[in-house]
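Structure data follow from target02.cif (mmCIF, C-alpha atoms):
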```
data_entry
loop_
_atom_site.label_atom_id
_atom_site.label_comp_id
_atom_site.auth_asym_id
_atom_site.auth_seq_id
_atom_site.Cartn_x
_atom_site.Cartn_y
_atom_site.Cartn_z
CA MET J 69 -18.61 11.84 -7.08
CA ILE J 70 -15.97 9.68 -5.39
CA ALA J 71 -16.02 8.85 -1.67
CA PHE J 72 -13.39 6.93 0.33
CA VAL J 73 -14.46 5.13 3.52
CA SER J 74 -11.95 3.32 5.74
CA GLY J 75 -11.55 2.09 9.29
CA GLY J 76 -10.41 -0.84 11.38
CA ALA J 77 -11.76 -4.39 11.32
CA ARG J 78 -15.47 -4.52 12.22
CA SER J 79 -15.58 -0.75 12.59
CA GLY J 80 -18.85 -0.55 10.66
CA LYS J 81 -17.21 0.84 7.53
CA SER J 82 -19.07 -1.45 5.08
CA ALA J 83 -22.48 -0.70 6.59
CA PHE J 84 -21.72 3.01 6.55
CA ALA J 85 -20.48 2.85 2.94
CA GLU J 86 -23.66 1.02 1.90
CA SER J 87 -25.78 3.72 3.54
CA LEU J 88 -23.73 6.29 1.62
CA VAL J 89 -24.40 4.46 -1.66
CA ARG J 90 -28.13 4.33 -0.95
CA GLU J 91 -28.15 8.07 -0.24
CA TYR J 92 -26.24 8.87 -3.45
CA GLN J 93 -28.71 6.69 -5.39
CA ARG J 94 -31.66 8.41 -3.74
CA GLN J 95 -30.26 11.80 -4.79
CA ARG J 96 -28.98 10.89 -8.27
CA GLY J 97 -30.94 7.84 -9.39
CA GLY J 98 -29.15 5.24 -11.56
CA ALA J 99 -28.43 1.58 -11.00
CA ARG J 100 -26.74 0.34 -7.82
CA TYR J 101 -23.70 -1.92 -8.25
CA TYR J 102 -21.51 -3.86 -5.88
CA LEU J 103 -17.98 -4.54 -7.13
CA ALA J 104 -16.84 -7.69 -5.38
CA THR J 105 -13.11 -7.95 -4.70
CA ALA J 106 -13.26 -11.07 -2.52
CA MET J 107 -13.02 -14.59 -3.90
CA PRO J 108 -14.06 -17.46 -1.61
CA GLY J 109 -10.70 -19.12 -0.94
CA ASP J 110 -11.99 -21.11 2.03
CA ALA J 111 -15.20 -21.84 3.94
CA GLU J 112 -14.78 -18.92 6.33
CA MET J 113 -14.31 -16.49 3.43
CA ALA J 114 -17.31 -17.99 1.59
CA ALA J 115 -19.45 -17.52 4.70
CA ARG J 116 -18.18 -13.96 5.10
CA ILE J 117 -19.07 -13.13 1.46
CA ALA J 118 -22.51 -14.76 1.85
CA ARG J 119 -23.19 -12.80 5.04
CA HIS J 120 -22.30 -9.49 3.33
CA ARG J 121 -24.52 -10.40 0.34
CA VAL J 122 -27.53 -11.15 2.59
CA GLU J 123 -26.94 -7.92 4.52
CA ARG J 124 -26.87 -5.91 1.27
CA GLY J 125 -30.22 -7.30 0.02
CA ASP J 126 -31.49 -7.76 -3.54
CA ALA J 127 -31.30 -4.18 -4.77
CA TRP J 128 -27.64 -4.55 -5.82
CA ARG J 129 -26.16 -5.78 -9.10
CA THR J 130 -23.05 -7.71 -8.12
CA LEU J 131 -19.99 -7.54 -10.40
CA GLU J 132 -17.24 -10.12 -10.05
CA ALA J 133 -14.29 -9.68 -12.39
CA ALA J 134 -10.56 -10.27 -12.24
CA THR J 135 -9.70 -6.61 -12.76
CA LEU J 136 -11.32 -3.26 -12.06
CA ASP J 137 -11.17 -2.50 -15.80
CA LEU J 138 -13.30 -5.54 -16.66
CA ALA J 139 -15.75 -4.88 -13.84
CA LEU J 140 -16.23 -1.20 -14.69
CA ALA J 141 -16.73 -1.98 -18.38
CA GLU J 142 -20.07 -3.57 -17.42
CA VAL J 143 -21.36 -0.58 -15.43
CA GLU J 144 -23.95 1.75 -16.94
CA PRO J 145 -23.06 5.47 -16.96
CA ALA J 146 -24.36 7.57 -14.06
CA SER J 147 -24.60 4.50 -11.81
CA VAL J 148 -23.79 4.26 -8.13
CA LEU J 149 -21.02 1.76 -7.24
CA LEU J 150 -19.60 0.28 -4.08
CA LEU J 151 -16.04 -1.10 -4.25
CA ASP J 152 -15.54 -3.15 -1.07
CA CYS J 153 -12.70 -3.41 -0.40
CA LEU J 154 -9.24 -2.25 -1.50
CA THR J 155 -7.37 -4.56 0.91
CA LEU J 156 -8.63 -7.62 -0.95
CA TRP J 157 -8.10 -5.97 -4.32
CA ALA J 158 -4.47 -5.23 -3.36
CA SER J 159 -3.96 -8.79 -2.20
CA ARG J 160 -5.35 -10.20 -5.47
CA VAL J 161 -3.41 -7.97 -7.84
CA LEU J 162 -0.16 -8.48 -5.96
CA PHE J 163 -0.26 -12.16 -5.02
CA GLU J 164 -2.75 -13.81 -7.43
CA LEU J 165 -2.30 -11.75 -10.60
CA ASP J 166 1.40 -11.03 -9.86
CA LEU J 167 1.12 -7.42 -11.00
CA GLU J 168 3.83 -4.89 -10.25
CA ALA J 169 2.68 -2.13 -7.89
CA SER J 170 2.88 0.41 -10.73
CA ALA J 171 0.55 -1.69 -12.92
CA ALA J 172 -1.87 -2.17 -10.03
CA LEU J 173 -1.94 1.56 -9.31
CA ALA J 174 -2.46 2.27 -13.02
CA GLN J 175 -5.50 -0.05 -12.93
CA LEU J 176 -6.86 1.90 -9.95
CA GLU J 177 -6.14 5.19 -11.72
CA ARG J 178 -8.17 4.04 -14.75
CA ALA J 179 -11.07 3.10 -12.45
CA LEU J 180 -11.06 6.56 -10.85
CA ALA J 181 -10.93 8.21 -14.28
CA LYS J 182 -13.76 6.00 -15.55
CA ALA J 183 -15.90 6.95 -12.54
CA ARG J 184 -15.36 10.62 -13.41
CA THR J 185 -15.92 10.41 -17.15
CA ALA J 186 -19.02 8.17 -16.82
CA ASP J 187 -20.48 10.41 -14.09
CA MET J 188 -20.64 7.58 -11.55
CA ALA J 189 -20.88 7.87 -7.79
CA LEU J 190 -18.10 5.56 -6.61
CA VAL J 191 -17.72 4.65 -2.94
CA VAL J 192 -14.41 2.92 -2.17
CA VAL J 193 -14.02 0.99 1.10
CA SER J 194 -10.76 -0.11 2.71
CA ASN J 195 -9.21 -1.28 5.93
CA ASP J 196 -6.68 0.81 7.87
CA ILE J 197 -3.71 -1.47 8.53
CA ASN J 198 -0.70 0.85 8.73
CA GLU J 199 -0.68 2.04 12.33
CA GLY J 200 0.57 -1.13 13.98
CA MET J 201 4.13 -2.50 14.06
CA PRO J 202 5.86 -2.27 10.67
CA PRO J 203 6.04 -5.62 8.82
CA GLU J 204 9.20 -7.72 9.09
CA ASP J 205 9.08 -9.49 5.71
CA ASP J 206 9.37 -8.13 2.18
CA ALA J 207 6.03 -9.45 0.91
CA SER J 208 4.12 -7.73 3.71
CA TRP J 209 6.05 -4.50 3.09
CA ARG J 210 5.19 -4.64 -0.63
CA TYR J 211 1.55 -5.16 0.26
CA LEU J 212 1.49 -2.34 2.82
CA ALA J 213 3.27 0.04 0.46
CA LEU J 214 0.85 -0.72 -2.41
CA LEU J 215 -2.22 -0.43 -0.23
CA GLN J 216 -1.06 2.84 1.30
CA ALA J 217 -0.20 4.27 -2.13
CA ALA J 218 -3.73 3.30 -3.22
CA HIS J 219 -5.26 4.86 -0.09
CA CYS J 220 -3.34 8.12 -0.57
CA ARG J 221 -4.30 8.27 -4.26
CA VAL J 222 -8.00 7.59 -3.64
CA ALA J 223 -8.07 10.03 -0.71
CA ALA J 224 -6.45 12.73 -2.88
CA GLU J 225 -8.96 12.16 -5.70
CA ALA J 226 -12.04 11.70 -3.51
CA ASP J 227 -14.59 14.44 -2.90
CA CYS J 228 -15.36 12.93 0.50
CA VAL J 229 -13.06 10.97 2.85
CA VAL J 230 -14.51 9.29 5.94
CA GLN J 231 -12.91 7.33 8.77
CA VAL J 232 -15.36 5.02 10.56
CA VAL J 233 -14.73 4.43 14.27
CA ALA J 234 -17.15 2.19 16.20
CA GLY J 235 -19.75 2.78 13.52
CA LEU J 236 -19.39 6.56 13.75
CA PRO J 237 -18.27 8.47 10.62
CA GLN J 238 -15.44 10.97 11.05
CA VAL J 239 -15.21 13.25 8.01
CA TRP J 240 -11.62 14.05 6.90
CA LYS J 241 -12.44 15.75 3.62
CA GLY J 242 -15.54 17.18 1.96
CA SER J 243 -18.96 16.60 3.47
CA LEU J 244 -21.54 13.84 3.73
CA PRO J 245 -24.55 13.98 1.40
CA MET W 158 9.29 22.59 16.97
CA GLN W 159 6.64 20.55 15.12
CA LEU W 160 5.76 16.87 15.21
CA VAL W 161 4.35 15.02 12.22
CA ILE W 162 3.02 11.59 13.18
CA GLY W 163 1.22 8.91 11.16
CA GLY W 164 1.31 5.24 10.23
CA ALA W 165 3.68 3.57 7.78
CA CYS W 166 3.45 5.01 4.24
CA ALA W 167 0.75 7.45 5.41
CA GLY W 168 2.23 10.35 3.43
CA LYS W 169 4.22 12.09 6.20
CA ARG W 170 7.33 12.73 4.11
CA GLY W 171 5.39 13.96 1.11
CA LEU W 172 3.50 16.41 3.27
CA VAL W 173 6.65 17.82 4.91
CA GLN W 174 8.39 18.04 1.51
CA ARG W 175 5.47 20.09 0.18
CA TRP W 176 5.47 22.37 3.20
CA TYR W 177 9.25 22.79 3.42
CA PRO W 178 10.80 22.06 0.00
CA HIS W 179 14.18 23.53 1.00
CA ALA W 180 14.54 21.84 4.37
CA ARG W 181 17.57 19.74 5.29
CA TRP W 182 16.68 16.16 6.16
CA GLN W 183 18.60 14.02 8.60
CA ALA W 184 17.87 10.60 10.07
CA GLN W 185 18.52 9.92 13.75
CA GLU W 186 19.71 6.42 12.88
CA ASP W 187 22.62 7.89 10.90
CA ALA W 188 23.85 9.87 13.90
CA ALA W 189 23.92 7.35 16.73
CA ARG W 190 26.78 8.99 18.59
CA GLN W 191 26.37 12.68 17.86
CA ALA W 192 23.37 14.90 18.32
CA ILE W 193 21.59 16.27 15.26
CA LEU W 194 21.15 20.01 15.60
CA PRO W 195 19.88 22.75 13.27
CA ALA W 196 22.20 25.37 11.81
CA PRO W 197 21.21 29.03 12.30
CA GLY W 198 18.11 29.93 10.33
CA GLU W 199 17.65 26.55 8.65
CA THR W 200 14.66 24.22 8.56
CA LEU W 201 15.69 20.77 9.74
CA VAL W 202 13.56 17.64 9.36
CA VAL W 203 14.56 14.83 11.72
CA SER W 204 13.29 11.33 10.88
CA GLY W 205 14.57 7.80 11.44
CA TRP W 206 13.73 7.63 15.15
CA ALA W 207 12.61 3.99 15.01
CA GLY W 208 15.94 3.04 13.43
CA TRP W 209 17.79 4.78 16.25
CA ILE W 210 15.65 2.95 18.83
CA ARG W 211 16.27 -0.43 17.13
CA ALA W 212 20.03 0.12 17.21
CA ALA W 213 19.92 1.37 20.80
CA LEU W 214 17.89 -1.66 21.92
CA ALA W 215 20.50 -3.96 20.45
CA ALA W 216 23.32 -2.02 22.13
CA ALA W 217 21.68 -1.54 25.56
CA PRO W 218 19.41 -4.47 26.34
CA GLY W 219 17.12 -4.11 29.33
CA ASP W 220 17.21 -0.44 30.24
CA ASP W 221 14.22 1.18 28.57
CA ASP W 222 14.08 4.08 31.07
CA ALA W 223 17.63 5.09 30.14
CA LEU W 224 16.77 4.91 26.44
CA ARG W 225 13.67 7.05 26.94
CA LEU W 226 15.77 9.61 28.82
CA ALA W 227 18.34 9.58 26.01
CA LEU W 228 15.58 10.33 23.52
CA ILE W 229 14.22 13.12 25.72
CA GLU W 230 17.73 14.63 25.87
CA ARG W 231 17.81 14.67 22.07
CA LEU W 232 14.41 16.31 21.89
CA ASP W 233 15.40 18.95 24.47
CA ALA W 234 18.68 19.65 22.63
CA LEU W 235 16.80 20.10 19.36
CA ARG W 236 14.29 22.45 20.93
CA ALA W 237 17.00 24.52 22.66
CA ALA W 238 19.05 24.77 19.45
CA GLU W 239 15.97 25.76 17.48
CA THR W 240 15.31 28.66 19.84
CA GLU W 241 18.95 29.77 20.04
CA SER W 242 19.57 29.68 16.30
CA ALA W 243 16.18 30.91 15.01
CA ALA W 244 15.74 27.60 13.19
CA GLU W 245 12.69 25.43 12.52
CA VAL W 246 12.71 21.76 13.54
CA ILE W 247 10.19 19.21 12.24
CA LEU W 248 10.14 15.75 13.79
CA ILE W 249 8.69 12.82 11.83
CA VAL W 250 7.60 9.90 14.01
CA GLU W 251 5.84 6.74 12.91
CA GLU W 252 2.64 5.60 14.61
CA MET W 253 3.08 1.87 15.31
CA GLY W 254 1.09 1.28 18.49
CA ARG W 255 -2.31 0.31 17.11
CA GLY W 256 -1.80 -3.31 16.13
CA ILE W 257 -1.68 -6.50 18.16
CA VAL W 258 1.00 -6.92 20.84
CA PRO W 259 4.15 -8.27 19.14
CA MET W 260 5.34 -11.75 20.07
CA GLY W 261 9.00 -10.80 20.43
CA ALA W 262 10.28 -8.85 23.44
CA GLU W 263 12.47 -6.58 21.32
CA ARG W 264 9.54 -5.53 19.11
CA ARG W 265 7.40 -4.90 22.19
CA ARG W 266 10.16 -2.65 23.57
CA LEU W 267 10.50 -0.86 20.24
CA ARG W 268 6.77 -0.23 20.22
CA ASP W 269 6.83 1.07 23.81
CA LEU W 270 9.80 3.37 23.27
CA ASN W 271 8.38 4.69 20.01
CA GLY W 272 5.10 5.50 21.76
CA TRP W 273 6.88 7.26 24.63
CA LEU W 274 8.94 9.18 22.08
CA ALA W 275 5.75 10.38 20.39
CA GLN W 276 4.32 11.53 23.73
CA ASP W 277 7.56 13.23 24.82
CA ALA W 278 7.92 14.92 21.42
CA ALA W 279 4.30 16.12 21.36
CA ALA W 280 4.75 17.63 24.84
CA ARG W 281 7.69 19.68 23.51
CA CYS W 282 6.20 20.80 20.18
CA GLU W 283 4.11 23.87 19.44
CA ARG W 284 2.24 22.07 16.69
CA VAL W 285 1.42 18.37 16.23
CA TRP W 286 0.08 17.00 12.92
CA TYR W 287 -1.53 13.59 12.35
CA VAL W 288 -1.23 12.27 8.78
CA ARG W 289 -3.65 9.67 7.45
CA HIS W 290 -3.79 8.52 3.82
CA GLY W 291 -2.07 11.71 2.68
CA LEU W 292 -4.54 13.98 4.52
CA TYR W 293 -3.69 15.71 7.78
CA ARG W 294 -5.21 17.13 10.93
CA ARG W 295 -3.72 19.35 13.59
CA LEU W 296 -3.89 17.59 16.97
CA SER W 297 -2.40 20.39 19.05
#
```
Using structure tokens, write down the structure that the file contains.
Amino acid sequence: MIAFVSGGARSGKSAFAESLVREYQRQRGGARYYLATAMPGDAEMAARIARHRVERGDAWRTLEAATLDLALAEVEPASVLLLDCLTLWASRVLFELDLEASAALAQLERALAKARTADMALVVVSNDINEGMPPEDDASWRYLALLQAAHCRVAAEADCVVQVVAGLPQVWKGSLP
Amino acid sequence: MQLVIGGACAGKRGLVQRWYPHARWQAQEDAARQAILPAPGETLVVSGWAGWIRAALAAAPGDDDALRLALIERLDALRAAETESAAEVILIVEEMGRGIVPMGAERRRLRDLNGWLAQDAAARCERVWYVRHGLYRRLS
């Protein structure tokens, strides 16, 4: 089971995705993992990560790894995972790890395949950033193009696609559990 | 006439290519001086509207109403030609109005004109599709 949840900033997408994970775990059992994509680059980011961790509670096993491959290697089969979020993953692979977009998308593809073969329930969260003015610089265009390619790929693969608006889930594909 | 609207890299082109693999594609920005019109019986996809607006803003500073009317004339000509020649016209327009207000006047004008274009196109189309992350919904 793969679900894709996205929305604007502070739309409630993370809280909704966490509720989705809890429901999948209630139905399927298995361990509950949180795949962290954010690294605390400054005090504000550290506080943001800490706030999310407190809000999630103690029932989560947190995975922090440089790549999705390394993170998913630690996950038990038939687990429930939350990947929050793709915007930070895209930023890291492009600007910290200096990966080409094709290599980054291949990494994502392997993660989706692993979720399928290991019978995981994977909930992917991301931020919608492509409906404002188009970027003016090349780096921002590269980032937008990679993130959108990732969004389209995850949405195509997902069993359930949800847009969160003001905390309210709008289902684009499949159905909620 | 149909309108396909969505954000940057949302999957608009891929969707239209799947629906109409044999369509002819033409960009407005490549035809600044002459109208793009469908040939009898063909399916014509018209994109590149933002490029046309950018060029027009540079050529005609200050008169946004005239530019909006020029865009409406192009839409009306496309719709009339579609009816007369039993053609199918698909317009691809980018959604760019949901971010913060741009600092520069020219980008603010581009955003305004692009939004008016989307409204004017939707009012003239039988079907309007919204594309988001490769998925789509019919809006009208």
Practice problem: List, as number ranges by chain, every residue that the PyMOL selection byres ((chain W) within 12 of (chain J)) selects in the file provided. | Solution: W: 162-169, 171-172, 207-208, 250-261, 263-269, 271-272, 287-295
Quiz prompt | Contact residues around stretch 77-80 of chain J with all atoms listed in the file at 7 Å, ignoring same-chain residues under 2 positions, as a ChimeraX atom specification | solution = /J:75,82-84,195,232-235
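Every protein or nucleic acid residue with an atom no more than 6 Å from J:Ala71, counting only C-alpha atoms and leaving out same-chain residues fewer than 4 positions away, appears here: Val191, Ala226, Asp227, Cys228 and Val229 of chain J.
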Self-check item: Matched chain/residue IDs from the PyMOL selection byres ((chain W and resi 243-245) around 6), as an MDAnalysis selection string
Solution: chainID W and resid 197:200 239:242 246
Exercise. Work out how far apart atom CA of J:Ser87 and atom CA of J:Arg124 are and give it in Å to one decimal.
Key: 10.0 Å
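Between atom CA of J:Leu151 and atom CA of J:Glu225 lies a distance of 15.1 Å.
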Since the input has fewer atoms than a full residue there, write stretch 198-222 of chain J out with N, CA and C atoms, as a PDB file, in the frame of the given file.
```pdb
ATOM      1  N   ASN J 198      -2.088   0.348   8.716  1.00  0.00           N
ATOM      2  CA  ASN J 198      -0.700   0.850   8.730  1.00  0.00           C
ATOM      3  C   ASN J 198      -0.291   1.528  10.017  1.00  0.00           C
ATOM      4  N   GLU J 199      -1.066   1.352  11.088  1.00  0.00           N
ATOM      5  CA  GLU J 199      -0.680   2.040  12.330  1.00  0.00           C
ATOM      6  C   GLU J 199      -0.279   1.071  13.437  1.00  0.00           C
ATOM      7  N   GLY J 200      -0.006  -0.179  13.041  1.00  0.00           N
ATOM      8  CA  GLY J 200       0.570  -1.130  13.980  1.00  0.00           C
ATOM      9  C   GLY J 200       2.062  -1.255  13.737  1.00  0.00           C
ATOM     10  N   MET J 201       2.693  -2.309  14.265  1.00  0.00           N
ATOM     11  CA  MET J 201       4.130  -2.500  14.060  1.00  0.00           C
ATOM     12  C   MET J 201       4.431  -2.692  12.571  1.00  0.00           C
ATOM     13  N   PRO J 202       5.508  -2.089  12.083  1.00  0.00           N
ATOM     14  CA  PRO J 202       5.860  -2.270  10.670  1.00  0.00           C
ATOM     15  C   PRO J 202       6.133  -3.752  10.378  1.00  0.00           C
ATOM     16  N   PRO J 203       5.810  -4.210   9.156  1.00  0.00           N
ATOM     17  CA  PRO J 203       6.040  -5.620   8.820  1.00  0.00           C
ATOM     18  C   PRO J 203       7.531  -5.973   8.878  1.00  0.00           C
ATOM     19  N   GLU J 204       7.805  -7.277   9.029  1.00  0.00           N
ATOM     20  CA  GLU J 204       9.200  -7.720   9.090  1.00  0.00           C
ATOM     21  C   GLU J 204       9.652  -8.416   7.809  1.00  0.00           C
ATOM     22  N   ASP J 205       8.689  -8.784   6.940  1.00  0.00           N
ATOM     23  CA  ASP J 205       9.080  -9.490   5.710  1.00  0.00           C
ATOM     24  C   ASP J 205       8.768  -8.648   4.485  1.00  0.00           C
ATOM     25  N   ASP J 206       9.465  -8.940   3.397  1.00  0.00           N
ATOM     26  CA  ASP J 206       9.370  -8.130   2.180  1.00  0.00           C
ATOM     27  C   ASP J 206       7.983  -8.154   1.561  1.00  0.00           C
ATOM     28  N   ALA J 207       7.341  -9.341   1.545  1.00  0.00           N
ATOM     29  CA  ALA J 207       6.030  -9.450   0.910  1.00  0.00           C
ATOM     30  C   ALA J 207       5.005  -8.557   1.626  1.00  0.00           C
ATOM     31  N   SER J 208       5.055  -8.566   2.953  1.00  0.00           N
ATOM     32  CA  SER J 208       4.120  -7.730   3.710  1.00  0.00           C
ATOM     33  C   SER J 208       4.400  -6.253   3.491  1.00  0.00           C
ATOM     34  N   TRP J 209       5.699  -5.904   3.364  1.00  0.00           N
ATOM     35  CA  TRP J 209       6.050  -4.500   3.090  1.00  0.00           C
ATOM     36  C   TRP J 209       5.533  -4.072   1.728  1.00  0.00           C
ATOM     37  N   ARG J 210       5.685  -4.953   0.719  1.00  0.00           N
ATOM     38  CA  ARG J 210       5.190  -4.640  -0.630  1.00  0.00           C
ATOM     39  C   ARG J 210       3.682  -4.402  -0.594  1.00  0.00           C
ATOM     40  N   TYR J 211       2.994  -5.265   0.151  1.00  0.00           N
ATOM     41  CA  TYR J 211       1.550  -5.160   0.260  1.00  0.00           C
ATOM     42  C   TYR J 211       1.153  -3.850   0.949  1.00  0.00           C
ATOM     43  N   LEU J 212       1.800  -3.570   2.068  1.00  0.00           N
ATOM     44  CA  LEU J 212       1.490  -2.340   2.820  1.00  0.00           C
ATOM     45  C   LEU J 212       1.765  -1.103   1.971  1.00  0.00           C
ATOM     46  N   ALA J 213       2.910  -1.123   1.267  1.00  0.00           N
ATOM     47  CA  ALA J 213       3.270   0.040   0.460  1.00  0.00           C
ATOM     48  C   ALA J 213       2.270   0.249  -0.675  1.00  0.00           C
ATOM     49  N   LEU J 214       1.839  -0.844  -1.333  1.00  0.00           N
ATOM     50  CA  LEU J 214       0.850  -0.720  -2.410  1.00  0.00           C
ATOM     51  C   LEU J 214      -0.479  -0.221  -1.869  1.00  0.00           C
ATOM     52  N   LEU J 215      -0.920  -0.821  -0.778  1.00  0.00           N
ATOM     53  CA  LEU J 215      -2.220  -0.430  -0.230  1.00  0.00           C
ATOM     54  C   LEU J 215      -2.217   1.026   0.201  1.00  0.00           C
ATOM     55  N   GLN J 216      -1.123   1.449   0.843  1.00  0.00           N
ATOM     56  CA  GLN J 216      -1.060   2.840   1.300  1.00  0.00           C
ATOM     57  C   GLN J 216      -0.976   3.807   0.115  1.00  0.00           C
ATOM     58  N   ALA J 217      -0.249   3.408  -0.936  1.00  0.00           N
ATOM     59  CA  ALA J 217      -0.200   4.270  -2.130  1.00  0.00           C
ATOM     60  C   ALA J 217      -1.604   4.390  -2.709  1.00  0.00           C
ATOM     61  N   ALA J 218      -2.345   3.282  -2.713  1.00  0.00           N
ATOM     62  CA  ALA J 218      -3.730   3.300  -3.220  1.00  0.00           C
ATOM     63  C   ALA J 218      -4.602   4.189  -2.327  1.00  0.00           C
ATOM     64  N   HIS J 219      -4.457   4.040  -1.014  1.00  0.00           N
ATOM     65  CA  HIS J 219      -5.260   4.860  -0.090  1.00  0.00           C
ATOM     66  C   HIS J 219      -4.979   6.353  -0.295  1.00  0.00           C
ATOM     67  N   CYS J 220      -3.691   6.698  -0.400  1.00  0.00           N
ATOM     68  CA  CYS J 220      -3.340   8.120  -0.570  1.00  0.00           C
ATOM     69  C   CYS J 220      -3.886   8.640  -1.893  1.00  0.00           C
ATOM     70  N   ARG J 221      -3.821   7.824  -2.954  1.00  0.00           N
ATOM     71  CA  ARG J 221      -4.300   8.270  -4.260  1.00  0.00           C
ATOM     72  C   ARG J 221      -5.824   8.455  -4.253  1.00  0.00           C
ATOM     73  N   VAL J 222      -6.537   7.483  -3.675  1.00  0.00           N
ATOM     74  CA  VAL J 222      -8.000   7.590  -3.640  1.00  0.00           C
ATOM     75  C   VAL J 222      -8.412   8.762  -2.737  1.00  0.00           C
TER      76      VAL J 222
END
```
